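Asks: Here you go, this is data04.txt (compact mmCIF, C-alpha atoms).
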```txt
# COMPACT_ATOMS: atom_id res chain seq x y z
CA MET A 1 98.13 61.88 65.61
CA TYR A 2 95.10 61.44 67.86
CA PRO A 3 93.14 58.24 68.41
CA GLN A 4 90.28 58.17 65.90
CA PRO A 5 87.41 58.62 68.41
CA LEU A 6 89.20 61.61 69.92
CA GLN A 7 89.90 63.07 66.47
CA GLU A 8 86.20 62.84 65.70
CA LEU A 9 85.34 64.73 68.87
CA ILE A 10 87.97 67.38 68.07
CA ASP A 11 86.49 67.81 64.58
CA LEU A 12 83.00 68.01 66.03
CA PHE A 13 83.86 70.68 68.60
CA SER A 14 86.05 72.65 66.21
CA ALA A 15 83.15 73.07 63.82
CA LEU A 16 80.73 74.39 66.42
CA PRO A 17 79.95 78.05 66.97
CA GLU A 18 80.64 79.26 70.50
CA THR A 19 77.12 78.94 71.88
CA GLU A 20 76.71 75.40 70.57
CA ARG A 21 80.18 74.47 71.81
CA ARG A 22 79.17 75.57 75.31
CA GLU A 23 75.95 73.60 75.03
CA MET A 24 77.85 70.52 73.94
CA LEU A 25 80.34 70.92 76.79
CA ILE A 26 77.48 71.09 79.28
CA ASN A 27 75.93 67.98 77.77
CA MET A 28 79.28 66.26 78.10
CA ALA A 29 79.60 67.41 81.72
CA GLU A 30 76.14 66.03 82.50
CA THR A 31 77.09 62.62 81.13
CA ALA A 32 80.29 62.37 83.19
CA PRO A 33 78.59 60.11 85.79
CA LEU A 34 78.14 57.50 83.03
CA HIS A 35 81.89 57.07 83.11
CA ALA A 36 82.08 56.50 86.87
CA PRO A 37 82.91 53.01 88.17
CA SER A 38 79.98 50.84 89.22
CA GLU A 39 79.58 49.34 92.69
CA GLY A 40 81.77 46.24 93.02
CA GLU A 41 83.51 46.72 89.67
CA THR A 42 87.17 45.69 89.69
CA PHE A 43 90.06 47.20 87.76
CA ASP A 44 93.66 46.51 86.86
CA LEU A 45 94.73 49.85 88.31
CA GLU A 46 93.03 52.28 90.67
CA ASP A 47 94.33 55.75 91.47
CA VAL A 48 92.03 57.81 93.70
CA ARG A 49 93.45 61.01 95.09
CA LYS A 50 92.95 64.64 95.87
CA ASP A 51 95.63 66.80 94.27
CA GLU A 52 96.35 70.49 94.66
CA GLU A 53 95.62 71.02 90.98
CA CYS A 54 91.97 70.07 91.27
CA THR A 55 89.19 71.26 93.56
CA ASP A 56 88.04 67.79 94.61
CA THR A 57 88.95 64.11 94.60
CA VAL A 58 89.31 62.40 91.23
CA GLY A 59 89.57 58.62 90.84
CA VAL A 60 91.08 57.05 87.72
CA PHE A 61 90.29 53.36 87.17
CA LEU A 62 92.05 51.50 84.37
CA THR A 63 91.05 48.18 82.82
CA ALA A 64 93.44 46.38 80.47
CA GLY A 65 92.01 45.10 77.21
CA PRO A 66 93.42 42.98 74.39
CA GLU A 67 96.66 43.86 72.59
CA GLY A 68 97.82 46.52 75.00
CA THR A 69 94.62 48.56 74.90
CA VAL A 70 93.10 50.13 78.01
CA SER A 71 89.82 51.70 79.03
CA TYR A 72 89.04 54.08 81.85
CA LYS A 73 86.36 54.85 84.37
CA ILE A 74 86.60 58.18 86.25
CA SER A 75 85.01 59.21 89.55
CA LEU A 76 84.62 62.93 90.30
CA GLY A 77 84.01 64.65 93.63
CA PRO A 78 81.08 67.08 93.82
CA GLN A 79 83.26 70.20 93.74
CA VAL A 80 84.94 69.35 90.43
CA GLN A 81 84.24 72.15 87.93
CA THR A 82 82.01 71.85 84.89
CA LEU A 83 84.80 71.98 82.31
CA THR A 84 86.69 69.22 84.07
CA ARG A 85 83.52 67.12 84.09
CA ALA A 86 83.08 67.74 80.39
CA MET A 87 86.68 66.77 79.67
CA THR A 88 86.16 63.56 81.61
CA SER A 89 83.38 62.47 79.25
CA ILE A 90 85.31 63.61 76.20
CA LEU A 91 88.47 61.79 77.21
CA CYS A 92 86.71 58.57 78.17
CA GLN A 93 84.92 58.56 74.82
CA GLY A 94 88.01 59.62 72.94
CA LEU A 95 90.66 57.44 74.52
CA ASN A 96 88.96 54.26 75.71
CA GLY A 97 90.15 51.36 73.59
CA SER A 98 93.44 53.05 72.65
CA SER A 99 96.77 51.49 73.53
CA ALA A 100 98.36 52.62 76.78
CA ALA A 101 101.52 53.54 74.86
CA GLY A 102 99.47 55.57 72.37
CA ILE A 103 97.71 57.47 75.16
CA LEU A 104 101.07 58.58 76.52
CA GLU A 105 101.85 60.10 73.12
CA VAL A 106 98.60 62.08 72.78
CA PRO A 107 99.56 65.77 72.72
CA ALA A 108 97.55 68.09 74.97
CA ASP A 109 97.15 70.73 72.26
CA PHE A 110 93.70 69.42 71.34
CA VAL A 111 92.21 70.78 74.58
CA PRO A 112 91.86 74.41 73.38
CA LYS A 113 90.38 73.09 70.12
CA ILE A 114 87.62 71.44 72.11
CA VAL A 115 87.14 74.00 74.86
CA GLY A 116 87.61 77.02 72.61
CA ALA A 117 89.66 80.16 73.09
CA GLU A 118 86.80 81.88 74.92
CA LEU A 119 86.87 79.34 77.72
CA VAL A 120 90.60 78.73 77.98
CA ARG A 121 91.27 80.97 80.92
CA LEU A 122 93.78 81.11 83.68
CA ARG A 123 91.44 79.41 86.10
CA SER A 124 90.50 76.68 83.68
CA GLN A 125 93.88 75.02 83.59
CA THR A 126 92.29 72.07 85.35
CA VAL A 127 90.78 71.07 81.99
CA TYR A 128 94.16 69.43 81.42
CA TYR A 129 94.04 67.68 84.76
CA VAL A 130 92.06 64.56 83.82
CA LEU A 131 94.23 63.93 80.75
CA THR A 132 97.33 64.16 82.93
CA ARG A 133 95.85 61.68 85.39
CA MET A 134 94.86 59.25 82.61
CA LYS A 135 98.36 59.41 81.16
CA SER A 136 99.82 58.89 84.60
CA ALA A 137 97.72 55.73 85.05
CA ALA A 138 98.77 54.47 81.60
CA LYS A 139 102.42 55.02 82.49
CA VAL A 140 102.13 53.14 85.77
CA TYR A 141 100.34 50.32 84.01
CA LEU A 142 103.05 50.04 81.33
CA ASN A 143 105.78 50.13 83.97
CA ARG A 144 104.07 47.26 85.76
CA LEU A 145 103.95 45.26 82.54
CA ARG A 146 107.63 45.90 81.91
CA THR A 147 108.57 44.89 85.45
CA ALA A 148 106.45 41.74 85.17
CA SER A 149 108.11 40.77 81.88
CA LEU A 150 111.57 41.29 83.38
CA ASP A 151 110.67 39.13 86.37
CA SER A 152 109.33 36.28 84.24
CA MET B 1 64.48 91.81 108.34
CA SER B 2 66.28 89.00 110.12
CA GLU B 3 68.08 89.62 113.40
CA LYS B 4 71.31 88.60 111.70
CA PHE B 5 70.99 91.15 108.89
CA ALA B 6 69.89 93.87 111.33
CA SER B 7 73.14 93.43 113.25
CA TYR B 8 75.24 94.48 110.26
CA ALA B 9 76.34 98.06 109.64
CA PHE B 10 74.46 98.13 106.32
CA PRO B 11 71.74 95.50 106.48
CA ASP B 12 70.52 96.47 103.02
CA ALA B 13 73.79 95.29 101.48
CA LEU B 14 72.47 91.73 101.70
CA VAL B 15 69.36 89.88 100.63
CA SER B 16 68.39 86.38 101.69
CA THR B 17 67.63 83.56 99.30
CA ALA B 18 64.05 83.57 100.63
CA TRP B 19 63.65 87.26 99.82
CA LEU B 20 65.09 86.76 96.36
CA ALA B 21 62.75 83.84 95.67
CA GLU B 22 59.80 86.14 96.37
CA ASN B 23 61.19 89.01 94.29
CA LEU B 24 62.39 87.35 91.11
CA GLU B 25 60.09 89.48 89.01
CA THR B 26 60.16 92.66 91.05
CA PRO B 27 60.71 95.62 88.71
CA GLY B 28 63.93 97.57 89.14
CA ILE B 29 66.21 94.70 90.07
CA ARG B 30 68.69 92.76 87.99
CA ILE B 31 70.04 89.47 89.30
CA VAL B 32 73.64 88.76 88.29
CA GLU B 33 75.54 85.49 88.67
CA SER B 34 79.34 85.67 88.84
CA ASN B 35 81.36 82.50 89.26
CA GLU B 36 84.74 80.93 89.19
CA ASP B 37 83.37 77.92 87.27
CA VAL B 38 83.02 79.49 83.82
CA LEU B 39 80.24 77.15 82.67
CA LEU B 40 78.23 76.98 85.88
CA TYR B 41 75.72 79.67 84.86
CA ASP B 42 75.08 77.79 81.61
CA THR B 43 74.22 74.61 83.50
CA GLY B 44 71.34 76.39 85.27
CA HIS B 45 70.86 79.68 87.11
CA ILE B 46 68.32 81.62 89.13
CA PRO B 47 65.40 82.55 86.86
CA GLY B 48 65.96 85.95 85.32
CA ALA B 49 69.64 86.09 86.23
CA VAL B 50 72.28 87.27 83.78
CA HIS B 51 75.90 86.16 83.77
CA ILE B 52 78.82 88.48 84.33
CA ASP B 53 82.12 86.73 83.82
CA TRP B 54 84.98 88.46 85.60
CA ARG B 55 87.51 87.99 82.82
CA ARG B 56 85.29 88.46 79.79
CA ASP B 57 83.11 91.27 81.12
CA LEU B 58 85.00 93.10 83.86
CA ASN B 59 88.67 92.86 82.87
CA ASP B 60 90.31 94.79 80.06
CA GLN B 61 91.27 92.21 77.44
CA THR B 62 94.76 93.62 76.86
CA VAL B 63 96.04 95.52 79.90
CA ARG B 64 95.83 94.07 83.40
CA ASP B 65 93.10 96.44 84.50
CA TYR B 66 89.34 96.77 84.55
CA ILE B 67 87.13 97.85 81.71
CA GLY B 68 86.79 101.57 81.15
CA THR B 69 83.76 103.78 81.59
CA ALA B 70 82.51 103.11 78.04
CA GLY B 71 82.85 99.36 78.54
CA PHE B 72 80.96 99.53 81.82
CA ALA B 73 78.13 101.54 80.29
CA ASP B 74 77.94 99.06 77.42
CA LEU B 75 77.84 96.11 79.84
CA CYS B 76 74.98 97.68 81.78
CA ARG B 77 73.07 98.54 78.62
CA ARG B 78 73.36 94.95 77.37
CA TYR B 79 72.06 93.56 80.62
CA GLY B 80 69.16 95.98 80.91
CA ILE B 81 70.66 97.85 83.83
CA THR B 82 69.95 101.53 84.41
CA PRO B 83 71.60 103.78 87.03
CA GLU B 84 68.50 103.20 89.18
CA THR B 85 68.60 99.39 88.93
CA THR B 86 69.32 97.45 92.10
CA VAL B 87 71.89 94.86 91.07
CA ILE B 88 71.79 91.68 93.13
CA PHE B 89 74.88 89.51 92.86
CA TYR B 90 75.30 85.84 93.71
CA GLY B 91 77.75 83.13 92.72
CA ASP B 92 79.84 80.10 93.59
CA LYS B 93 82.80 79.86 96.00
CA SER B 94 81.00 81.59 98.88
CA ASN B 95 80.39 84.67 96.72
CA TRP B 96 84.04 85.51 95.97
CA TRP B 97 83.30 86.56 92.43
CA SER B 98 79.98 88.19 93.18
CA CYS B 99 81.74 90.40 95.77
CA TYR B 100 84.42 91.08 93.15
CA ALA B 101 81.78 92.07 90.58
CA LEU B 102 80.00 94.24 93.15
CA TRP B 103 83.30 95.94 93.96
CA VAL B 104 83.88 96.65 90.25
CA PHE B 105 80.37 98.13 89.98
CA HIS B 106 81.28 100.42 92.88
CA LEU B 107 84.38 101.53 90.94
CA PHE B 108 81.97 103.05 88.43
CA GLY B 109 79.77 104.62 91.05
CA HIS B 110 76.97 102.06 90.76
CA THR B 111 76.58 101.44 94.47
CA ASN B 112 72.98 100.24 94.44
CA CYS B 113 74.17 96.64 94.70
CA LYS B 114 73.49 93.73 97.04
CA ILE B 115 74.84 90.25 97.70
CA VAL B 116 72.69 87.15 98.17
CA ASP B 117 73.74 85.73 101.53
CA GLY B 118 74.96 82.18 100.90
CA GLY B 119 75.15 82.67 97.15
CA ARG B 120 74.48 79.96 94.64
CA ALA B 121 75.24 77.06 96.99
CA LYS B 122 72.52 78.08 99.45
CA TRP B 123 69.97 78.62 96.68
CA VAL B 124 70.72 75.15 95.29
CA ALA B 125 70.79 73.51 98.74
CA GLU B 126 67.31 74.88 99.38
CA ALA B 127 66.12 73.24 96.16
CA ARG B 128 65.00 76.56 94.73
CA PRO B 129 64.34 76.78 91.00
CA LEU B 130 67.07 76.96 88.39
CA THR B 131 66.65 77.51 84.68
CA ARG B 132 68.83 77.37 81.62
CA GLU B 133 66.78 80.03 79.90
CA VAL B 134 68.85 83.14 79.30
CA PRO B 135 66.68 86.24 79.75
CA LYS B 136 66.07 88.35 76.68
CA LEU B 137 66.50 91.90 77.84
CA GLU B 138 65.76 95.19 76.24
CA ALA B 139 68.89 97.31 76.05
CA THR B 140 68.93 100.40 78.23
CA SER B 141 70.63 103.74 77.73
CA TYR B 142 72.99 103.62 80.71
CA PRO B 143 75.01 106.85 80.54
CA GLU B 144 78.79 106.51 80.50
CA PRO B 145 80.09 107.27 84.00
CA PRO B 146 82.32 110.37 84.06
CA GLN B 147 85.20 108.41 85.55
CA ARG B 148 86.26 105.17 87.19
CA LEU B 149 86.70 105.83 90.89
CA ASP B 150 90.07 104.14 91.33
CA HIS B 151 91.19 106.03 94.39
CA GLY B 152 88.49 105.43 96.95
CA ILE B 153 88.19 101.67 97.19
CA ARG B 154 91.10 100.47 95.08
CA ALA B 155 94.80 100.46 96.00
CA TYR B 156 97.67 100.28 93.54
CA PHE B 157 101.15 98.90 94.21
CA ALA B 158 102.70 102.29 94.99
CA GLU B 159 99.90 103.15 97.39
CA THR B 160 100.20 99.78 99.08
CA LEU B 161 103.97 100.22 99.40
CA ALA B 162 103.45 103.65 101.00
CA HIS B 163 100.80 102.11 103.24
CA MET B 164 103.25 99.43 104.34
CA LYS B 165 106.00 101.99 105.02
CA ALA B 166 103.58 104.06 107.10
CA GLY B 167 102.75 100.99 109.18
CA LEU B 168 99.04 101.21 108.38
CA PRO B 169 96.81 98.16 108.68
CA MET B 170 96.77 95.57 105.96
CA VAL B 171 94.80 92.37 105.91
CA ASP B 172 96.19 89.40 104.00
CA VAL B 173 93.15 87.21 103.36
CA ARG B 174 94.95 84.27 101.73
CA SER B 175 95.35 80.86 103.30
CA PRO B 176 97.89 80.46 106.14
CA GLY B 177 100.30 78.57 103.86
CA GLU B 178 100.29 81.41 101.33
CA PHE B 179 100.79 83.99 104.07
CA SER B 180 103.75 82.17 105.58
CA GLY B 181 105.37 81.71 102.18
CA GLU B 182 105.18 77.93 102.35
CA VAL B 183 103.17 77.93 99.10
CA THR B 184 102.53 80.53 96.39
CA HIS B 185 99.00 79.51 95.50
CA MET B 186 95.94 78.55 97.43
CA PRO B 187 95.24 74.91 98.19
CA GLU B 188 93.50 73.10 95.30
CA TYR B 189 94.57 75.66 92.71
CA PRO B 190 97.35 75.58 90.14
CA GLN B 191 100.40 77.76 90.48
CA GLU B 192 99.70 80.86 88.44
CA GLY B 193 103.04 82.45 88.03
CA VAL B 194 103.98 83.93 91.39
CA LEU B 195 107.75 83.95 91.80
CA ARG B 196 108.09 84.54 95.54
CA GLY B 197 106.12 83.40 98.56
CA GLY B 198 105.33 85.31 101.75
CA HIS B 199 103.39 88.42 102.60
CA ILE B 200 103.65 92.21 102.63
CA PRO B 201 105.69 93.16 105.71
CA GLY B 202 103.39 94.16 108.55
CA ALA B 203 100.26 92.61 107.04
CA HIS B 204 97.96 90.68 109.35
CA SER B 205 96.75 87.25 108.35
CA MET B 206 92.99 86.79 108.39
CA PRO B 207 91.92 84.24 105.78
CA TRP B 208 88.70 85.28 104.03
CA ALA B 209 87.08 81.96 104.93
CA LYS B 210 86.90 82.91 108.59
CA ALA B 211 84.18 85.41 107.64
CA ALA B 212 81.99 82.72 106.10
CA ASN B 213 79.93 79.89 107.51
CA PRO B 214 80.27 76.40 105.99
CA ASP B 215 77.11 77.03 103.94
CA GLY B 216 78.66 80.13 102.35
CA THR B 217 76.63 82.67 104.33
CA PHE B 218 78.38 85.48 106.13
CA ARG B 219 79.02 85.00 109.82
CA PRO B 220 76.98 87.15 112.24
CA ALA B 221 78.23 90.64 113.05
CA ASP B 222 79.45 89.82 116.56
CA GLU B 223 81.58 86.96 115.24
CA LEU B 224 82.97 89.18 112.48
CA ARG B 225 83.77 91.91 115.01
CA ALA B 226 85.65 89.36 117.09
CA LEU B 227 87.81 88.56 114.08
CA TYR B 228 88.57 92.02 112.78
CA ALA B 229 88.06 94.43 115.71
CA GLU B 230 89.37 92.19 118.47
CA THR B 231 91.85 89.78 116.89
CA LEU B 232 93.27 92.26 114.36
CA ASP B 233 92.50 95.35 116.45
CA LEU B 234 91.11 97.25 113.47
CA LYS B 235 89.48 100.51 114.48
CA LYS B 236 86.60 102.25 112.72
CA GLY B 237 88.67 105.17 111.45
CA ASP B 238 91.57 103.02 110.24
CA ASP B 239 92.80 103.23 106.68
CA ILE B 240 92.77 99.54 105.69
CA ILE B 241 94.04 97.68 102.64
CA ALA B 242 93.01 94.08 101.95
CA TYR B 243 94.74 91.85 99.45
CA CYS B 244 94.92 88.23 98.33
CA ARG B 245 96.38 86.81 95.11
CA ILE B 246 94.38 88.49 92.34
CA GLY B 247 91.80 90.47 94.28
CA GLU B 248 88.79 88.18 94.39
CA ARG B 249 89.08 86.78 97.92
CA SER B 250 89.99 90.25 99.19
CA SER B 251 86.81 91.59 97.55
CA HIS B 252 84.93 89.26 99.91
CA THR B 253 86.79 90.70 102.90
CA TRP B 254 86.40 94.25 101.54
CA PHE B 255 82.63 93.71 101.47
CA VAL B 256 82.66 92.30 105.01
CA LEU B 257 84.70 95.18 106.43
CA LYS B 258 82.92 97.95 104.53
CA TYR B 259 79.29 96.85 104.52
CA LEU B 260 78.84 94.31 107.25
CA LEU B 261 81.10 95.96 109.85
CA GLY B 262 81.01 99.56 108.66
CA TYR B 263 84.71 100.37 108.35
CA GLU B 264 84.81 103.61 106.45
CA LYS B 265 88.12 103.48 104.57
CA VAL B 266 88.81 100.07 103.10
CA ARG B 267 90.62 99.54 99.84
CA ASN B 268 91.13 96.38 97.82
CA TYR B 269 94.64 95.95 96.41
CA ASP B 270 93.61 94.00 93.31
CA GLY B 271 97.19 93.65 92.03
CA SER B 272 97.61 91.59 95.19
CA TRP B 273 100.23 88.88 95.52
CA THR B 274 100.55 88.17 91.79
CA GLU B 275 101.86 91.73 91.46
CA TRP B 276 103.65 92.16 94.80
CA GLY B 277 105.30 88.73 94.78
CA ASN B 278 106.68 89.27 91.28
CA MET B 279 107.77 92.90 91.56
CA VAL B 280 111.55 93.29 91.55
CA ARG B 281 112.84 94.31 94.99
CA SER B 282 109.42 94.57 96.64
CA PRO B 283 109.89 93.75 100.32
CA ILE B 284 108.59 90.38 101.47
CA GLU B 285 108.23 88.90 104.92
CA ARG B 286 108.00 85.19 105.67
CA SER B 287 106.79 83.60 108.83
```
Would you give me this structure, written as structure tokens?

Replies:
Amino acid sequence: MYPQPLQELIDLFSALPETERREMLINMAETAPLHAPSEGETFDLEDVRKDEECTDTVGVFLTAGPEGTVSYKISLGPQVQTLTRAMTSILCQGLNGSSAAGILEVPADFVPKIVGAELVRLRSQTVYYVLTRMKSAAKVYLNRLRTASLDS
Amino acid sequence: MSEKFASYAFPDALVSTAWLAENLETPGIRIVESNEDVLLYDTGHIPGAVHIDWRRDLNDQTVRDYIGTAGFADLCRRYGITPETTVIFYGDKSNWWSCYALWVFHLFGHTNCKIVDGGRAKWVAEARPLTREVPKLEATSYPEPPQRLDHGIRAYFAETLAHMKAGLPMVDVRSPGEFSGEVTHMPEYPQEGVLRGGHIPGAHSMPWAKAANPDGTFRPADELRALYAETLDLKKGDDIIAYCRIGERSSHTWFVLKYLLGYEKVRNYDGSWTEWGNMVRSPIERS
């Protein structure tokens, strides 16, 4: 149902008591810069924008791998909230190396399992935001591939 | 006391980050962080500060309302607060949620509260210390308040409707787009279930942000007076209601009007636009 690395993260978070879950989320948020693009790095698809659904600019950078797989780098503006930062690390770890088609099929119902009921609040809907952006990039990438194959 | 603070109606309603840095261990105070970012406190906070989360700690978990008197007493006991404790609030988003928490404390008669001018952002910008250590506090025996004072500083829908019909002053503190009805949520935030856009007929638009400097501090008294007394023509004896979308931004304006400018009768309509904009047949104006 979920890519294996993501399933492992879901299992890990699901087993944690609330205080340790929070601690793990903060650790994840602190490692979000590790998933930012490096200076001069190039990508197959770049989507940097500021949407109404998020408090700052988020950049999604996709690199195509072998056999339809993709990997992501994500840049986050300074105002992006802690949970969104945490989800960025979780999703990069959990989805990188999956197929673009498979990423489109990943259901969003794992987010509460990771974040926990205590933290799923009205104002934390942006925890879904990065997943939506990653799926959007995967969709654009697949559409480009389809268009290219039709043209050739 | 700084010249800026001295110009406010109640200078003691604020403390500076410098004052707080020198008084972290002063007996009789409790520092409270209240944020929009639910994990921000956990990432590091002012030494000795406790965390009050608006949803978990201040809202009833079933009914759309605040906690009751027993819940408030329990909250204070847990955080080592007594009726004599000076509670000093700070937080993110230019102190929206700290003003909200302060307003809720006032609902229970705990008025010995202050706001840190500039909030968390100013403390961090000044490279002052943060810690992840959660203070271990001895529980107090805070007595249960006899009642929640819902009628002095809080306005319900029916009261706001009567206020509107009487043509009394109302301040809509949301963004211009929300006021005009162009959008139903503030920029950068998800739509949270408001069915209609616009504002309460007769309300004046004065976005909360006009009362704050870019660094999150409150603007000086003369600049605030220019906004509210001159632009909106609010007079000291006016009966004023402020509202936003769920009551947090209007708590900021409530604090400005009541404690920085000294307006005597100011109420926060916490149902705000998420109640008014969804209520069947409630009148709405667009502009």

Asks: Which one of B:Ile67, B:Ala121, B:Leu107, B:Met164 sits closest to chain A if you count all atoms listed in the file?

Replies: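 Ranking B:Ile67, B:Ala121, B:Leu107, B:Met164 by distance to chain A, first place goes to B:Ala121.
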
Asks: When you look at Val48 (chain A) with a cut-off of 12 Å (counting all atoms listed in the file), what residues show up, excluding the ones that are within fewer than 4 positions of it in the same chain? I need them as a list in words.

Replies: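 With the cut-off at 12 Å, the set is Pro37, Asp56, Thr57, Val58, Gly59, Val60, Phe61, Leu62, Lys73, Ile74, Ser75, Leu76, Gly77, Val130, Arg133, Met134 and Ala137 of chain A.
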
Asks: Could you give me, as a PyMOL selection string, the residues that have an atom at most 10 Å away from the point (75.1, 86.7, 83.9) in the coordinates of the file, using all atoms listed in the file?

Replies: chain B and resi 30-35+41-42+45-46+48-53+57+79+89-91+134-135

Asks: Ranking A:Ala101, A:Gly94, A:Asn27, A:Ser152 by minimum distance to Asp11 (chain A) and counting all atoms listed in the file, which one comes first?

Replies: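 Closest to Asp11 (chain A), using all atoms listed in the file: A:Gly94.
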
Asks: Restricting the calculation to only C-alpha atoms: of B:Tyr263, B:Trp54, B:Tyr142, B:Phe157, which residue gets closest to Lys236 (chain B)?

Replies: B:Tyr263

Asks: Tell me which of B:Lys210, B:Arg78, B:Arg286, B:Lys93 sits closest to chain A, counting only C-alpha atoms.

Replies: B:Lys93

Asks: Residues at most 9 Å from Pro107 (chain A), counting only C-alpha atoms, excluding those fewer than 3 positions away in the same chain, as a list in words?

Replies: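 Once the adjacent positions are removed, what remains is Met1, Tyr2, Ile103, Leu104 and Phe110 of chain A.
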
Asks: Please measure the separation of CA of Trp276 (chain B) and CA of His106 (chain B), giving the value in Å to one decimal.

Replies: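 Between CA of Trp276 (chain B) and CA of His106 (chain B) the gap works out to 23.9 Å.
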
Asks: Given the choices B:Met279, B:Ala101, B:Ala21, B:Val38, which gets closest to chain A if the distance is worked out from all atoms listed in the file?

Replies: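 Distance minimum relative to chain A lands on B:Val38.
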
Asks: What would the file be for region 76-87 of chain A if you keep N, CA and C atoms and write it as a short mmCIF file (atom, residue, chain, number, x, y, z; two decimals), in the first residue's frame?

Replies:
```cif
data_model
loop_
_atom_site.label_atom_id
_atom_site.label_comp_id
_atom_site.auth_asym_id
_atom_site.auth_seq_id
_atom_site.Cartn_x
_atom_site.Cartn_y
_atom_site.Cartn_z
N LEU A 76 12.49 25.05 1.76
CA LEU A 76 11.42 25.61 2.60
C LEU A 76 11.77 27.03 3.03
N GLY A 77 10.83 27.94 2.90
CA GLY A 77 11.03 29.30 3.38
C GLY A 77 11.09 29.32 4.91
N PRO A 78 11.63 30.39 5.49
CA PRO A 78 11.81 30.42 6.95
C PRO A 78 10.52 30.41 7.76
N GLN A 79 9.41 30.81 7.17
CA GLN A 79 8.16 30.85 7.93
C GLN A 79 7.39 29.54 7.93
N VAL A 80 7.88 28.54 7.20
CA VAL A 80 7.17 27.26 7.14
C VAL A 80 7.14 26.63 8.55
N GLN A 81 5.98 26.11 8.93
CA GLN A 81 5.80 25.63 10.30
C GLN A 81 6.52 24.30 10.56
N THR A 82 6.72 24.03 11.84
CA THR A 82 7.54 22.88 12.26
C THR A 82 7.00 21.56 11.73
N LEU A 83 5.68 21.37 11.78
CA LEU A 83 5.12 20.10 11.31
C LEU A 83 5.35 19.91 9.82
N THR A 84 5.26 20.99 9.08
CA THR A 84 5.49 20.90 7.63
C THR A 84 6.95 20.56 7.36
N ARG A 85 7.84 21.12 8.16
CA ARG A 85 9.27 20.78 8.02
C ARG A 85 9.49 19.31 8.31
N ALA A 86 8.84 18.84 9.37
CA ALA A 86 8.99 17.43 9.74
C ALA A 86 8.48 16.53 8.61
N MET A 87 7.31 16.89 8.06
CA MET A 87 6.75 16.07 6.98
C MET A 87 7.65 16.08 5.75
#
```
